[in-house]
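Okay, so here's the structure we're looking at.
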Amino acid sequence: MRSEIIKILLENKDEFVSGEHISERLGISRSAVSKHIKNIKNQGYDIESITKKGHKIFGCPDLLSGGIIKHDLNTDFIGKEVIHFDTIGSTNDYAKEIAGDSIDGTIVVSEEQTKGRGRRGKEWHSIKGDGIWLSIILKPDIYPHKAPFITQIAGASIVKSLRNLGIDASIKWPNDIIVNNKKVSGILTELGAEIDQINYIVLGIGMNVKTMNFPEEINSIATSIFKEGYDVKRIDILKNILEEFEKLYLDYTERNDKSSCIKICKESSAILGKKIYIINGDKKRKVKCIDINEEGNLVIINEDNDIEELISGEVSI
Ligand code: BTN
């Protein structure tokens, strides 16, 4: 309910909105409206309330709460339902728990994660207010073998959003987002499926936005948007990602069209045309990356000068 009230105030941010108007729109009593407004102010929202005039919003705290995300969000279904936590273990874990009963496109976002998870069982540092710790619940009508490409769509939409906001970001195939040669964002896609049917996909996105200090072991490879000299709000990045993601996702799931996604992956690639390392456990081989083909697979020339196509893997520059 609070997020609905914030949404109404933001829609009318140049004027006072009466308690009566809010109570009629939301079907709750005037005293319930007053109580919610009091709580919203306690969360740090700058709202002026004047008797007989109503409530006017002047400022929002730097929170990724439902009302702020939904306000002016230009999507059809992604982010129509927002679940926002101050703190949680992992947004992906929570999203998986509720996926069965959630509507397609529901997002789970938290200011902090205490058990954030990265790929290959690694920990993902998710300090309070420093980044975007987001999971999107998806229920596409596609076969399970087609699900991995959704990670690539996420990578393309993240890089496109950062570029829209003036940030010089690139993709290290298949799905790390890089700024100035260091990682700012990663994706953890998890699938709940039967042999021939997807029940849900939980698409987890982590982005370091304001982080200044990283643990010793990742300090040389991790960075944040702010640390690289870009002062961009978390909310603007998050909304941009949701909007760009939805477009590419619908191209793929409704029209089987990967072309826009691949175009972005190629144009914003951090490795195309370069010598890279393919990492397999503790083995490393030096190869040249020559293409990302229309399937989204990486095409390389290997040590024996043969052409190889990689469907997945870990690469380093
Ligand atoms: C990686 O690059 O290793 C993937 C990192 C994914 C981190 C995000 S943060 C939100 C979501 N919840 C998690 O526990 N992990 C993902």
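Within each chain, counting starts at residue 1; across the structure tokens, chains are named A, B, ... in the order shown, with ligands numbered 1 upward in that order.
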
### Task
Tell me which protein, DNA and RNA residues are within 12 Å of A:Arg163, counting only C-alpha atoms, leaving out same-chain ones fewer than 3 positions away, and put them as a VMD selection string.
chain A and resid 156 to 160 166 to 171 177 to 179 225 230 232 237 240 to 241 244 264 267 to 268

Now that the selection is made, can you save its residues with N, CA and C atoms as a compact mmCIF listing (two decimals), in the first residue's frame?
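Result file follows (result.txt):
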```txt
# COMPACT_ATOMS: atom_id res chain seq x y z
N ALA A 156 23.26 -7.98 -22.37
CA ALA A 156 23.08 -6.95 -23.40
C ALA A 156 22.26 -5.77 -22.84
N SER A 157 21.23 -6.09 -22.06
CA SER A 157 20.39 -4.99 -21.56
C SER A 157 21.13 -4.17 -20.50
N ILE A 158 21.99 -4.82 -19.71
CA ILE A 158 22.75 -4.05 -18.71
C ILE A 158 23.72 -3.10 -19.42
N VAL A 159 24.44 -3.64 -20.41
CA VAL A 159 25.43 -2.79 -21.07
C VAL A 159 24.74 -1.65 -21.83
N LYS A 160 23.59 -1.97 -22.44
CA LYS A 160 22.85 -0.92 -23.17
C LYS A 160 22.41 0.18 -22.21
N GLY A 166 25.54 7.13 -20.35
CA GLY A 166 26.84 7.77 -20.59
C GLY A 166 28.02 7.02 -20.00
N ILE A 167 27.80 5.76 -19.59
CA ILE A 167 28.89 4.98 -18.98
C ILE A 167 29.53 4.07 -20.02
N ASP A 168 30.84 4.13 -20.12
CA ASP A 168 31.54 3.36 -21.15
C ASP A 168 31.74 1.91 -20.67
N ALA A 169 30.69 1.12 -20.83
CA ALA A 169 30.71 -0.26 -20.33
C ALA A 169 30.83 -1.23 -21.50
N SER A 170 31.35 -2.42 -21.23
CA SER A 170 31.39 -3.45 -22.27
C SER A 170 31.08 -4.82 -21.65
N ILE A 171 30.87 -5.81 -22.55
CA ILE A 171 30.53 -7.15 -22.07
C ILE A 171 31.71 -8.08 -22.27
N ILE A 177 29.93 -7.69 -16.93
CA ILE A 177 29.92 -6.32 -17.43
C ILE A 177 31.14 -5.60 -16.85
N ILE A 178 31.87 -4.97 -17.76
CA ILE A 178 33.18 -4.42 -17.46
C ILE A 178 33.18 -2.90 -17.66
N VAL A 179 33.83 -2.19 -16.75
CA VAL A 179 34.12 -0.77 -16.98
C VAL A 179 35.62 -0.60 -16.67
N ILE A 225 30.58 1.64 -10.46
CA ILE A 225 30.29 2.73 -11.39
C ILE A 225 30.89 4.04 -10.86
N TYR A 230 31.76 7.79 -12.51
CA TYR A 230 30.40 8.11 -12.99
C TYR A 230 29.46 8.25 -11.80
N VAL A 232 26.01 8.26 -11.10
CA VAL A 232 24.67 7.95 -11.64
C VAL A 232 23.87 7.27 -10.54
N ILE A 237 19.68 3.56 -13.10
CA ILE A 237 20.27 2.38 -13.76
C ILE A 237 19.26 1.23 -13.72
N ASN A 240 16.34 1.65 -16.16
CA ASN A 240 16.84 1.48 -17.52
C ASN A 240 17.05 0.01 -17.85
N ILE A 241 17.60 -0.74 -16.88
CA ILE A 241 17.84 -2.18 -17.12
C ILE A 241 16.50 -2.89 -17.34
N GLU A 244 15.16 -1.94 -20.88
CA GLU A 244 15.93 -2.52 -21.98
C GLU A 244 15.79 -4.05 -21.98
N ILE A 264 24.02 -5.86 -29.94
CA ILE A 264 24.56 -5.15 -28.76
C ILE A 264 25.78 -5.88 -28.22
N GLU A 267 28.68 -5.18 -30.61
CA GLU A 267 29.13 -3.77 -30.59
C GLU A 267 29.80 -3.40 -29.27
N SER A 268 29.36 -4.05 -28.18
CA SER A 268 29.88 -3.66 -26.86
C SER A 268 30.80 -4.73 -26.28
```

Given only C-alpha atoms and all ligand atoms, how would the per-residue table for chain A near ligand 1 read, listing every residue at most 10 Å away with its closest atom pair and distance in Å to one decimal, sorted by chain and number, as JSON lines?
```
{"residue": "A:Ile88", "atom": "CA", "partner": "ligand 1", "partner_atom_place_in_ligand_line": "14 (O)", "distance": 9.4}
{"residue": "A:Gly89", "atom": "CA", "partner": "ligand 1", "partner_atom_place_in_ligand_line": "14 (O)", "distance": 7.4}
{"residue": "A:Ser90", "atom": "CA", "partner": "ligand 1", "partner_atom_place_in_ligand_line": "14 (O)", "distance": 4.1}
{"residue": "A:Thr91", "atom": "CA", "partner": "ligand 1", "partner_atom_place_in_ligand_line": "12 (N)", "distance": 4.4}
{"residue": "A:Asn92", "atom": "CA", "partner": "ligand 1", "partner_atom_place_in_ligand_line": "12 (N)", "distance": 4.2}
{"residue": "A:Asp93", "atom": "CA", "partner": "ligand 1", "partner_atom_place_in_ligand_line": "14 (O)", "distance": 6.6}
{"residue": "A:Tyr94", "atom": "CA", "partner": "ligand 1", "partner_atom_place_in_ligand_line": "12 (N)", "distance": 8.7}
{"residue": "A:Ala95", "atom": "CA", "partner": "ligand 1", "partner_atom_place_in_ligand_line": "12 (N)", "distance": 8.8}
{"residue": "A:Val108", "atom": "CA", "partner": "ligand 1", "partner_atom_place_in_ligand_line": "10 (C)", "distance": 8.7}
{"residue": "A:Val109", "atom": "CA", "partner": "ligand 1", "partner_atom_place_in_ligand_line": "10 (C)", "distance": 7.7}
{"residue": "A:Ser110", "atom": "CA", "partner": "ligand 1", "partner_atom_place_in_ligand_line": "10 (C)", "distance": 8.3}
{"residue": "A:Glu112", "atom": "CA", "partner": "ligand 1", "partner_atom_place_in_ligand_line": "9 (S)", "distance": 9.3}
{"residue": "A:Gln113", "atom": "CA", "partner": "ligand 1", "partner_atom_place_in_ligand_line": "14 (O)", "distance": 7.2}
{"residue": "A:Thr114", "atom": "CA", "partner": "ligand 1", "partner_atom_place_in_ligand_line": "14 (O)", "distance": 8.8}
{"residue": "A:Lys115", "atom": "CA", "partner": "ligand 1", "partner_atom_place_in_ligand_line": "14 (O)", "distance": 6.4}
{"residue": "A:Gly116", "atom": "CA", "partner": "ligand 1", "partner_atom_place_in_ligand_line": "14 (O)", "distance": 3.5}
{"residue": "A:Arg117", "atom": "CA", "partner": "ligand 1", "partner_atom_place_in_ligand_line": "14 (O)", "distance": 3.7}
{"residue": "A:Gly118", "atom": "CA", "partner": "ligand 1", "partner_atom_place_in_ligand_line": "3 (O)", "distance": 3.3}
{"residue": "A:Arg119", "atom": "CA", "partner": "ligand 1", "partner_atom_place_in_ligand_line": "3 (O)", "distance": 3.7}
{"residue": "A:Arg120", "atom": "CA", "partner": "ligand 1", "partner_atom_place_in_ligand_line": "3 (O)", "distance": 7.0}
{"residue": "A:Gly121", "atom": "CA", "partner": "ligand 1", "partner_atom_place_in_ligand_line": "3 (O)", "distance": 8.1}
{"residue": "A:Lys122", "atom": "CA", "partner": "ligand 1", "partner_atom_place_in_ligand_line": "3 (O)", "distance": 6.6}
{"residue": "A:Glu123", "atom": "CA", "partner": "ligand 1", "partner_atom_place_in_ligand_line": "3 (O)", "distance": 7.8}
{"residue": "A:Trp124", "atom": "CA", "partner": "ligand 1", "partner_atom_place_in_ligand_line": "7 (C)", "distance": 5.7}
{"residue": "A:His125", "atom": "CA", "partner": "ligand 1", "partner_atom_place_in_ligand_line": "9 (S)", "distance": 8.3}
{"residue": "A:Ser126", "atom": "CA", "partner": "ligand 1", "partner_atom_place_in_ligand_line": "9 (S)", "distance": 7.0}
{"residue": "A:Gly131", "atom": "CA", "partner": "ligand 1", "partner_atom_place_in_ligand_line": "9 (S)", "distance": 8.8}
{"residue": "A:Ile132", "atom": "CA", "partner": "ligand 1", "partner_atom_place_in_ligand_line": "9 (S)", "distance": 7.1}
{"residue": "A:Trp133", "atom": "CA", "partner": "ligand 1", "partner_atom_place_in_ligand_line": "10 (C)", "distance": 4.0}
{"residue": "A:Leu134", "atom": "CA", "partner": "ligand 1", "partner_atom_place_in_ligand_line": "10 (C)", "distance": 4.4}
{"residue": "A:Ser135", "atom": "CA", "partner": "ligand 1", "partner_atom_place_in_ligand_line": "11 (C)", "distance": 5.5}
{"residue": "A:Ile136", "atom": "CA", "partner": "ligand 1", "partner_atom_place_in_ligand_line": "11 (C)", "distance": 9.0}
{"residue": "A:Asn175", "atom": "CA", "partner": "ligand 1", "partner_atom_place_in_ligand_line": "2 (O)", "distance": 7.6}
{"residue": "A:Asp176", "atom": "CA", "partner": "ligand 1", "partner_atom_place_in_ligand_line": "2 (O)", "distance": 6.2}
{"residue": "A:Ile177", "atom": "CA", "partner": "ligand 1", "partner_atom_place_in_ligand_line": "2 (O)", "distance": 8.6}
{"residue": "A:Lys183", "atom": "CA", "partner": "ligand 1", "partner_atom_place_in_ligand_line": "2 (O)", "distance": 8.4}
{"residue": "A:Val184", "atom": "CA", "partner": "ligand 1", "partner_atom_place_in_ligand_line": "2 (O)", "distance": 9.0}
{"residue": "A:Ser185", "atom": "CA", "partner": "ligand 1", "partner_atom_place_in_ligand_line": "2 (O)", "distance": 6.5}
{"residue": "A:Gly186", "atom": "CA", "partner": "ligand 1", "partner_atom_place_in_ligand_line": "2 (O)", "distance": 3.3}
{"residue": "A:Ile187", "atom": "CA", "partner": "ligand 1", "partner_atom_place_in_ligand_line": "4 (C)", "distance": 4.1}
{"residue": "A:Leu188", "atom": "CA", "partner": "ligand 1", "partner_atom_place_in_ligand_line": "4 (C)", "distance": 4.5}
{"residue": "A:Thr189", "atom": "CA", "partner": "ligand 1", "partner_atom_place_in_ligand_line": "16 (C)", "distance": 8.1}
{"residue": "A:Glu190", "atom": "CA", "partner": "ligand 1", "partner_atom_place_in_ligand_line": "16 (C)", "distance": 9.7}
{"residue": "A:Val202", "atom": "CA", "partner": "ligand 1", "partner_atom_place_in_ligand_line": "11 (C)", "distance": 8.8}
{"residue": "A:Leu203", "atom": "CA", "partner": "ligand 1", "partner_atom_place_in_ligand_line": "11 (C)", "distance": 7.6}
{"residue": "A:Gly204", "atom": "CA", "partner": "ligand 1", "partner_atom_place_in_ligand_line": "11 (C)", "distance": 3.9}
{"residue": "A:Ile205", "atom": "CA", "partner": "ligand 1", "partner_atom_place_in_ligand_line": "8 (C)", "distance": 4.4}
{"residue": "A:Gly206", "atom": "CA", "partner": "ligand 1", "partner_atom_place_in_ligand_line": "9 (S)", "distance": 3.6}
{"residue": "A:Met207", "atom": "CA", "partner": "ligand 1", "partner_atom_place_in_ligand_line": "9 (S)", "distance": 7.1}
{"residue": "A:Asn208", "atom": "CA", "partner": "ligand 1", "partner_atom_place_in_ligand_line": "9 (S)", "distance": 9.4}
```

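When only C-alpha atoms are used to compute distances to A:His145, the closest of the residues A:Ser220, A:Thr75, A:Asn42, A:Gln197 turns out to be A:Gln197.
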
### Message
Can you tell me which residues surround A:Asn12 at a distance of at most 12 Å, considering only C-alpha atoms, apart from same-chain residues fewer than 3 positions away, and format the answer as a ChimeraX atom specification?
### Response
/A:5-9,15-18,21-22,54-58,71-72

Residues just named, written with all heavy atoms as a short mmCIF file (atom, residue, chain, number, x, y, z; two decimals), in the first residue's frame:
```cif
data_model
loop_
_atom_site.label_atom_id
_atom_site.label_comp_id
_atom_site.auth_asym_id
_atom_site.auth_seq_id
_atom_site.Cartn_x
_atom_site.Cartn_y
_atom_site.Cartn_z
N ILE A 5 0.92 4.57 -2.53
CA ILE A 5 0.78 5.98 -2.13
C ILE A 5 1.94 6.81 -2.69
O ILE A 5 1.74 7.90 -3.24
CB ILE A 5 0.69 6.11 -0.58
CG1 ILE A 5 -0.58 5.42 -0.09
CG2 ILE A 5 0.75 7.57 -0.14
CD1 ILE A 5 -0.78 5.41 1.41
N ILE A 6 3.16 6.25 -2.58
CA ILE A 6 4.33 6.98 -3.11
C ILE A 6 4.15 7.20 -4.61
O ILE A 6 4.43 8.28 -5.14
CB ILE A 6 5.63 6.19 -2.82
CG1 ILE A 6 5.89 6.17 -1.31
CG2 ILE A 6 6.83 6.82 -3.52
CD1 ILE A 6 6.87 5.11 -0.86
N LYS A 7 3.63 6.17 -5.28
CA LYS A 7 3.42 6.28 -6.72
C LYS A 7 2.46 7.43 -7.05
O LYS A 7 2.71 8.24 -7.94
CB LYS A 7 2.87 4.94 -7.24
CG LYS A 7 2.89 4.79 -8.71
CD LYS A 7 2.76 3.32 -9.09
CE LYS A 7 2.55 3.19 -10.57
NZ LYS A 7 1.17 3.01 -10.97
N ILE A 8 1.36 7.53 -6.29
CA ILE A 8 0.37 8.60 -6.52
C ILE A 8 1.03 9.98 -6.27
O ILE A 8 0.87 10.92 -7.06
CB ILE A 8 -0.88 8.42 -5.62
CG1 ILE A 8 -1.61 7.14 -6.03
CG2 ILE A 8 -1.80 9.64 -5.69
CD1 ILE A 8 -2.80 6.77 -5.14
N LEU A 9 1.79 10.08 -5.18
CA LEU A 9 2.44 11.37 -4.87
C LEU A 9 3.43 11.75 -5.97
O LEU A 9 3.52 12.91 -6.36
CB LEU A 9 3.15 11.30 -3.51
CG LEU A 9 2.25 11.12 -2.28
CD1 LEU A 9 3.09 11.02 -1.01
CD2 LEU A 9 1.26 12.27 -2.15
N GLU A 15 2.11 19.17 -7.15
CA GLU A 15 0.93 19.68 -6.43
C GLU A 15 0.66 18.90 -5.15
O GLU A 15 1.27 17.85 -4.92
CB GLU A 15 -0.29 19.64 -7.33
CG GLU A 15 -0.60 18.25 -7.83
CD GLU A 15 -1.39 18.26 -9.14
OE1 GLU A 15 -0.84 18.69 -10.17
OE2 GLU A 15 -2.56 17.84 -9.12
N PHE A 16 -0.23 19.45 -4.33
CA PHE A 16 -0.66 18.73 -3.13
C PHE A 16 -1.75 17.74 -3.53
O PHE A 16 -2.63 18.08 -4.33
CB PHE A 16 -1.20 19.71 -2.08
CG PHE A 16 -0.10 20.41 -1.33
CD1 PHE A 16 0.49 21.56 -1.85
CD2 PHE A 16 0.37 19.90 -0.13
CE1 PHE A 16 1.53 22.20 -1.18
CE2 PHE A 16 1.41 20.53 0.55
CZ PHE A 16 1.98 21.68 0.03
N VAL A 17 -1.68 16.55 -2.98
CA VAL A 17 -2.71 15.53 -3.26
C VAL A 17 -3.49 15.33 -1.97
O VAL A 17 -2.90 15.07 -0.91
CB VAL A 17 -2.06 14.19 -3.67
CG1 VAL A 17 -3.12 13.20 -4.12
CG2 VAL A 17 -1.01 14.37 -4.74
N SER A 18 -4.80 15.45 -2.05
CA SER A 18 -5.59 15.36 -0.82
C SER A 18 -5.65 13.92 -0.30
O SER A 18 -5.61 12.95 -1.09
CB SER A 18 -7.01 15.87 -1.06
OG SER A 18 -7.70 14.97 -1.88
N HIS A 21 -8.48 12.07 -1.94
CA HIS A 21 -8.18 11.53 -3.28
C HIS A 21 -7.45 10.18 -3.15
O HIS A 21 -7.81 9.20 -3.81
CB HIS A 21 -7.32 12.54 -4.06
CG HIS A 21 -6.85 12.02 -5.38
ND1 HIS A 21 -7.62 12.06 -6.51
CD2 HIS A 21 -5.67 11.42 -5.74
CE1 HIS A 21 -6.95 11.51 -7.52
NE2 HIS A 21 -5.76 11.12 -7.07
N ILE A 22 -6.45 10.16 -2.25
CA ILE A 22 -5.68 8.92 -2.09
C ILE A 22 -6.58 7.81 -1.54
O ILE A 22 -6.56 6.68 -2.03
CB ILE A 22 -4.46 9.14 -1.15
CG1 ILE A 22 -3.52 10.18 -1.75
CG2 ILE A 22 -3.71 7.83 -0.91
CD1 ILE A 22 -2.38 10.61 -0.84
N GLY A 54 -3.48 18.75 1.64
CA GLY A 54 -3.03 17.38 1.38
C GLY A 54 -1.53 17.23 1.51
O GLY A 54 -0.90 17.88 2.34
N HIS A 55 -0.96 16.37 0.63
CA HIS A 55 0.44 15.96 0.78
C HIS A 55 1.18 16.20 -0.54
O HIS A 55 0.66 15.92 -1.61
CB HIS A 55 0.52 14.48 1.13
CG HIS A 55 -0.42 14.09 2.23
ND1 HIS A 55 -0.13 14.26 3.57
CD2 HIS A 55 -1.68 13.57 2.17
CE1 HIS A 55 -1.16 13.84 4.29
NE2 HIS A 55 -2.11 13.42 3.46
N LYS A 56 2.39 16.74 -0.38
CA LYS A 56 3.20 16.97 -1.58
C LYS A 56 4.60 16.40 -1.35
O LYS A 56 5.19 16.61 -0.29
CB LYS A 56 3.30 18.48 -1.84
CG LYS A 56 4.04 18.85 -3.10
CD LYS A 56 3.91 20.34 -3.38
CE LYS A 56 4.87 20.73 -4.49
NZ LYS A 56 4.79 22.15 -4.81
N ILE A 57 5.09 15.66 -2.37
CA ILE A 57 6.40 15.02 -2.21
C ILE A 57 7.49 15.92 -2.79
O ILE A 57 7.32 16.48 -3.88
CB ILE A 57 6.40 13.60 -2.84
CG1 ILE A 57 7.62 12.80 -2.41
CG2 ILE A 57 6.30 13.64 -4.36
CD1 ILE A 57 7.45 11.29 -2.51
N PHE A 58 8.58 16.09 -2.04
CA PHE A 58 9.69 16.93 -2.51
C PHE A 58 10.94 16.11 -2.81
O PHE A 58 11.77 16.52 -3.60
CB PHE A 58 10.04 17.99 -1.45
CG PHE A 58 9.01 19.08 -1.38
CD1 PHE A 58 7.95 19.00 -0.48
CD2 PHE A 58 9.08 20.17 -2.23
CE1 PHE A 58 6.98 19.98 -0.44
CE2 PHE A 58 8.12 21.16 -2.18
CZ PHE A 58 7.07 21.07 -1.29
N HIS A 71 7.21 4.16 -10.50
CA HIS A 71 6.86 5.48 -11.03
C HIS A 71 7.50 5.70 -12.40
O HIS A 71 8.72 5.64 -12.53
CB HIS A 71 7.33 6.56 -10.04
CG HIS A 71 7.18 7.95 -10.60
ND1 HIS A 71 5.96 8.48 -10.91
CD2 HIS A 71 8.09 8.88 -10.92
CE1 HIS A 71 6.13 9.70 -11.39
NE2 HIS A 71 7.41 9.96 -11.41
N ASP A 72 6.66 5.94 -13.42
CA ASP A 72 7.12 6.21 -14.79
C ASP A 72 7.92 5.06 -15.40
O ASP A 72 8.72 5.30 -16.30
CB ASP A 72 8.06 7.45 -14.80
CG ASP A 72 7.26 8.71 -15.06
OD1 ASP A 72 6.07 8.60 -15.34
OD2 ASP A 72 7.86 9.79 -14.96
#
```

### Query
Between A:Ile301, A:Ile153, A:Asp196, A:Glu217, which is the closest to A:Lys258 once you count only C-alpha atoms?
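The answer is A:Ile153, which sits nearest to A:Lys258.
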
### Message
Run DSSP on the backbone and tell me which residues of stretch 239-304 of chain A come out as alpha helix (DSSP H); list them as a list in words.
### Response
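The alpha helix (DSSP H) subset of stretch 239-304 of chain A is Lys239, Asn240, Ile241, Leu242, Glu243, Glu244, Phe245, Glu246, Lys247, Leu248, Tyr249, Leu250, Asp251, Tyr252, Thr253, Glu254, Arg255, Ser259, Ser260, Cys261, Ile262, Lys263, Ile264, Cys265, Lys266 and Glu267 of chain A.
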
Write the residues of the selection above to a file with C-alpha atoms, as a compact mmCIF listing (two decimals), in the first residue's frame.
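Contents of result_8.txt, as written:
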```txt
# COMPACT_ATOMS: atom_id res chain seq x y z
CA LYS A 239 14.78 1.30 -14.34
CA ASN A 240 16.84 1.48 -17.52
CA ILE A 241 17.84 -2.18 -17.12
CA LEU A 242 14.22 -3.30 -16.62
CA GLU A 243 13.09 -1.38 -19.72
CA GLU A 244 15.93 -2.52 -21.98
CA PHE A 245 15.65 -6.09 -20.70
CA GLU A 246 11.93 -6.34 -21.44
CA LYS A 247 12.37 -5.29 -25.09
CA LEU A 248 15.09 -7.88 -25.82
CA TYR A 249 13.35 -10.56 -23.76
CA LEU A 250 10.08 -10.18 -25.71
CA ASP A 251 11.97 -10.21 -29.04
CA TYR A 252 13.39 -13.58 -28.02
CA THR A 253 10.53 -15.28 -26.21
CA GLU A 254 7.66 -14.04 -28.44
CA ARG A 255 9.35 -13.64 -31.81
CA SER A 259 19.32 -10.16 -33.57
CA SER A 260 19.12 -6.95 -31.47
CA CYS A 261 20.69 -8.72 -28.50
CA ILE A 262 23.56 -10.14 -30.58
CA LYS A 263 24.11 -6.74 -32.20
CA ILE A 264 24.56 -5.15 -28.76
CA CYS A 265 26.81 -8.02 -27.59
CA LYS A 266 29.07 -7.57 -30.62
CA GLU A 267 29.13 -3.77 -30.59
```

### Task
Assign secondary structure with DSSP using the backbone only, and return the residues of stretch 7-237 of chain A in strand (DSSP E or B) as number ranges by chain.
A: 17, 46-50, 54-59, 82-88, 107-113, 117, 123, 131-138, 169-172, 176-179, 182-194, 197-208, 222

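Atom to atom, atom CA of A:Asn256 and atom CA of A:Asn164 stand 25.0 Å apart.
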
Write out as an mmCIF file with all heavy atoms, in the first residue's frame each polymer residue whose atoms come within 10 Å of A:Gly44, counting only C-alpha atoms; drop sequence neighbours fewer than 3 positions from it.
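Printed below is selection25.cif as written:
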```cif
data_model
loop_
_atom_site.group_PDB
_atom_site.id
_atom_site.type_symbol
_atom_site.label_atom_id
_atom_site.label_comp_id
_atom_site.auth_asym_id
_atom_site.auth_seq_id
_atom_site.Cartn_x
_atom_site.Cartn_y
_atom_site.Cartn_z
ATOM 1 N N ASN A 39 4.401 6.740 8.176
ATOM 2 C CA ASN A 39 5.446 5.719 8.014
ATOM 3 C C ASN A 39 6.388 6.031 6.850
ATOM 4 O O ASN A 39 7.591 5.811 6.932
ATOM 5 C CB ASN A 39 4.816 4.341 7.743
ATOM 6 C CG ASN A 39 4.255 3.755 9.005
ATOM 7 O OD1 ASN A 39 4.736 4.060 10.092
ATOM 8 N ND2 ASN A 39 3.218 2.942 8.885
ATOM 9 N N ILE A 40 5.783 6.518 5.773
ATOM 10 C CA ILE A 40 6.597 6.835 4.581
ATOM 11 C C ILE A 40 7.596 7.946 4.924
ATOM 12 O O ILE A 40 8.775 7.889 4.574
ATOM 13 C CB ILE A 40 5.685 7.248 3.392
ATOM 14 C CG1 ILE A 40 4.857 6.049 2.923
ATOM 15 C CG2 ILE A 40 6.501 7.798 2.236
ATOM 16 C CD1 ILE A 40 3.736 6.367 1.961
ATOM 17 N N LYS A 41 7.123 8.963 5.687
ATOM 18 C CA LYS A 41 8.028 10.055 6.099
ATOM 19 C C LYS A 41 9.146 9.494 6.970
ATOM 20 O O LYS A 41 10.301 9.889 6.839
ATOM 21 C CB LYS A 41 7.259 11.118 6.893
ATOM 22 C CG LYS A 41 6.385 12.003 6.019
ATOM 23 C CD LYS A 41 5.673 13.021 6.894
ATOM 24 C CE LYS A 41 4.759 13.901 6.091
ATOM 25 N NZ LYS A 41 3.878 14.719 6.935
ATOM 26 N N ILE A 47 8.137 14.765 2.538
ATOM 27 C CA ILE A 47 6.735 15.039 2.172
ATOM 28 C C ILE A 47 6.203 16.141 3.081
ATOM 29 O O ILE A 47 6.372 16.083 4.301
ATOM 30 C CB ILE A 47 5.856 13.775 2.345
ATOM 31 C CG1 ILE A 47 6.323 12.684 1.376
ATOM 32 C CG2 ILE A 47 4.370 14.091 2.120
ATOM 33 C CD1 ILE A 47 5.717 11.319 1.645
ATOM 34 N N GLY A 59 11.056 14.981 -2.139
ATOM 35 C CA GLY A 59 12.277 14.203 -2.377
ATOM 36 C C GLY A 59 12.137 12.778 -1.886
ATOM 37 O O GLY A 59 11.333 12.490 -1.002
ATOM 38 N N CYS A 60 12.926 11.910 -2.508
ATOM 39 C CA CYS A 60 12.890 10.495 -2.131
ATOM 40 C C CYS A 60 14.252 10.114 -1.566
ATOM 41 O O CYS A 60 15.272 10.597 -2.042
ATOM 42 C CB CYS A 60 12.684 9.621 -3.363
ATOM 43 S SG CYS A 60 11.135 9.910 -4.179
ATOM 44 N N PRO A 61 14.290 9.217 -0.591
ATOM 45 C CA PRO A 61 15.590 8.734 -0.158
ATOM 46 C C PRO A 61 16.171 7.862 -1.265
ATOM 47 O O PRO A 61 15.442 7.443 -2.167
ATOM 48 C CB PRO A 61 15.258 7.892 1.077
ATOM 49 C CG PRO A 61 13.856 7.469 0.871
ATOM 50 C CD PRO A 61 13.183 8.508 0.049
ATOM 51 N N ASP A 62 17.457 7.587 -1.184
ATOM 52 C CA ASP A 62 18.068 6.759 -2.222
ATOM 53 C C ASP A 62 17.752 5.288 -1.960
ATOM 54 O O ASP A 62 18.624 4.502 -1.624
ATOM 55 C CB ASP A 62 19.581 7.012 -2.251
ATOM 56 C CG ASP A 62 20.245 6.219 -3.359
ATOM 57 O OD1 ASP A 62 19.548 5.876 -4.332
ATOM 58 O OD2 ASP A 62 21.441 5.908 -3.254
ATOM 59 N N LEU A 63 16.479 4.957 -2.081
ATOM 60 C CA LEU A 63 16.044 3.577 -1.855
ATOM 61 C C LEU A 63 15.487 3.021 -3.153
ATOM 62 O O LEU A 63 14.946 3.768 -3.969
ATOM 63 C CB LEU A 63 14.906 3.545 -0.824
ATOM 64 C CG LEU A 63 15.232 3.775 0.642
ATOM 65 C CD1 LEU A 63 13.942 3.718 1.450
ATOM 66 C CD2 LEU A 63 16.208 2.725 1.143
#
```

### Message
Can you measure atom CA of A:Ile127 to atom CA of A:Ile201 for me? One decimal in Å is fine.
### Response
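Distance reported for this atom pair: 25.0 Å.
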
### Query
What does the distance between atom CA of A:Glu81 and atom CA of A:Ile103 come to in Å, to one decimal place?
7.7 Å

### Task
Skip A:Asn293 itself and residues of its chain fewer than 2 positions away, then list as JSON, numbers by chain all residues within 9 Å of it, counting only C-alpha atoms.
{"A": [262, 266, 291, 295, 296, 297, 298, 299, 309]}

Could you please take those selected residues and save C-alpha atoms as a PDB file, in the first residue's frame?
```pdb
ATOM      1  CA  ILE A 262      23.564 -10.141 -30.576  1.00  0.00           C
ATOM      2  CA  LYS A 266      29.067  -7.569 -30.616  1.00  0.00           C
ATOM      3  CA  ASP A 291      33.111 -13.582 -33.614  1.00  0.00           C
ATOM      4  CA  GLU A 295      23.325 -18.062 -31.909  1.00  0.00           C
ATOM      5  CA  GLY A 296      25.255 -15.946 -29.384  1.00  0.00           C
ATOM      6  CA  ASN A 297      28.128 -18.447 -29.254  1.00  0.00           C
ATOM      7  CA  LEU A 298      31.743 -17.359 -29.102  1.00  0.00           C
ATOM      8  CA  VAL A 299      33.829 -18.202 -32.164  1.00  0.00           C
ATOM      9  CA  GLU A 309      32.498 -22.455 -31.323  1.00  0.00           C
TER      10      GLU A 309
END
```

### For A:Ser3, the nearest of the candidates A:Gln43, A:Asn180, A:Thr211, A:Ser102, counting only C-alpha atoms
A:Gln43
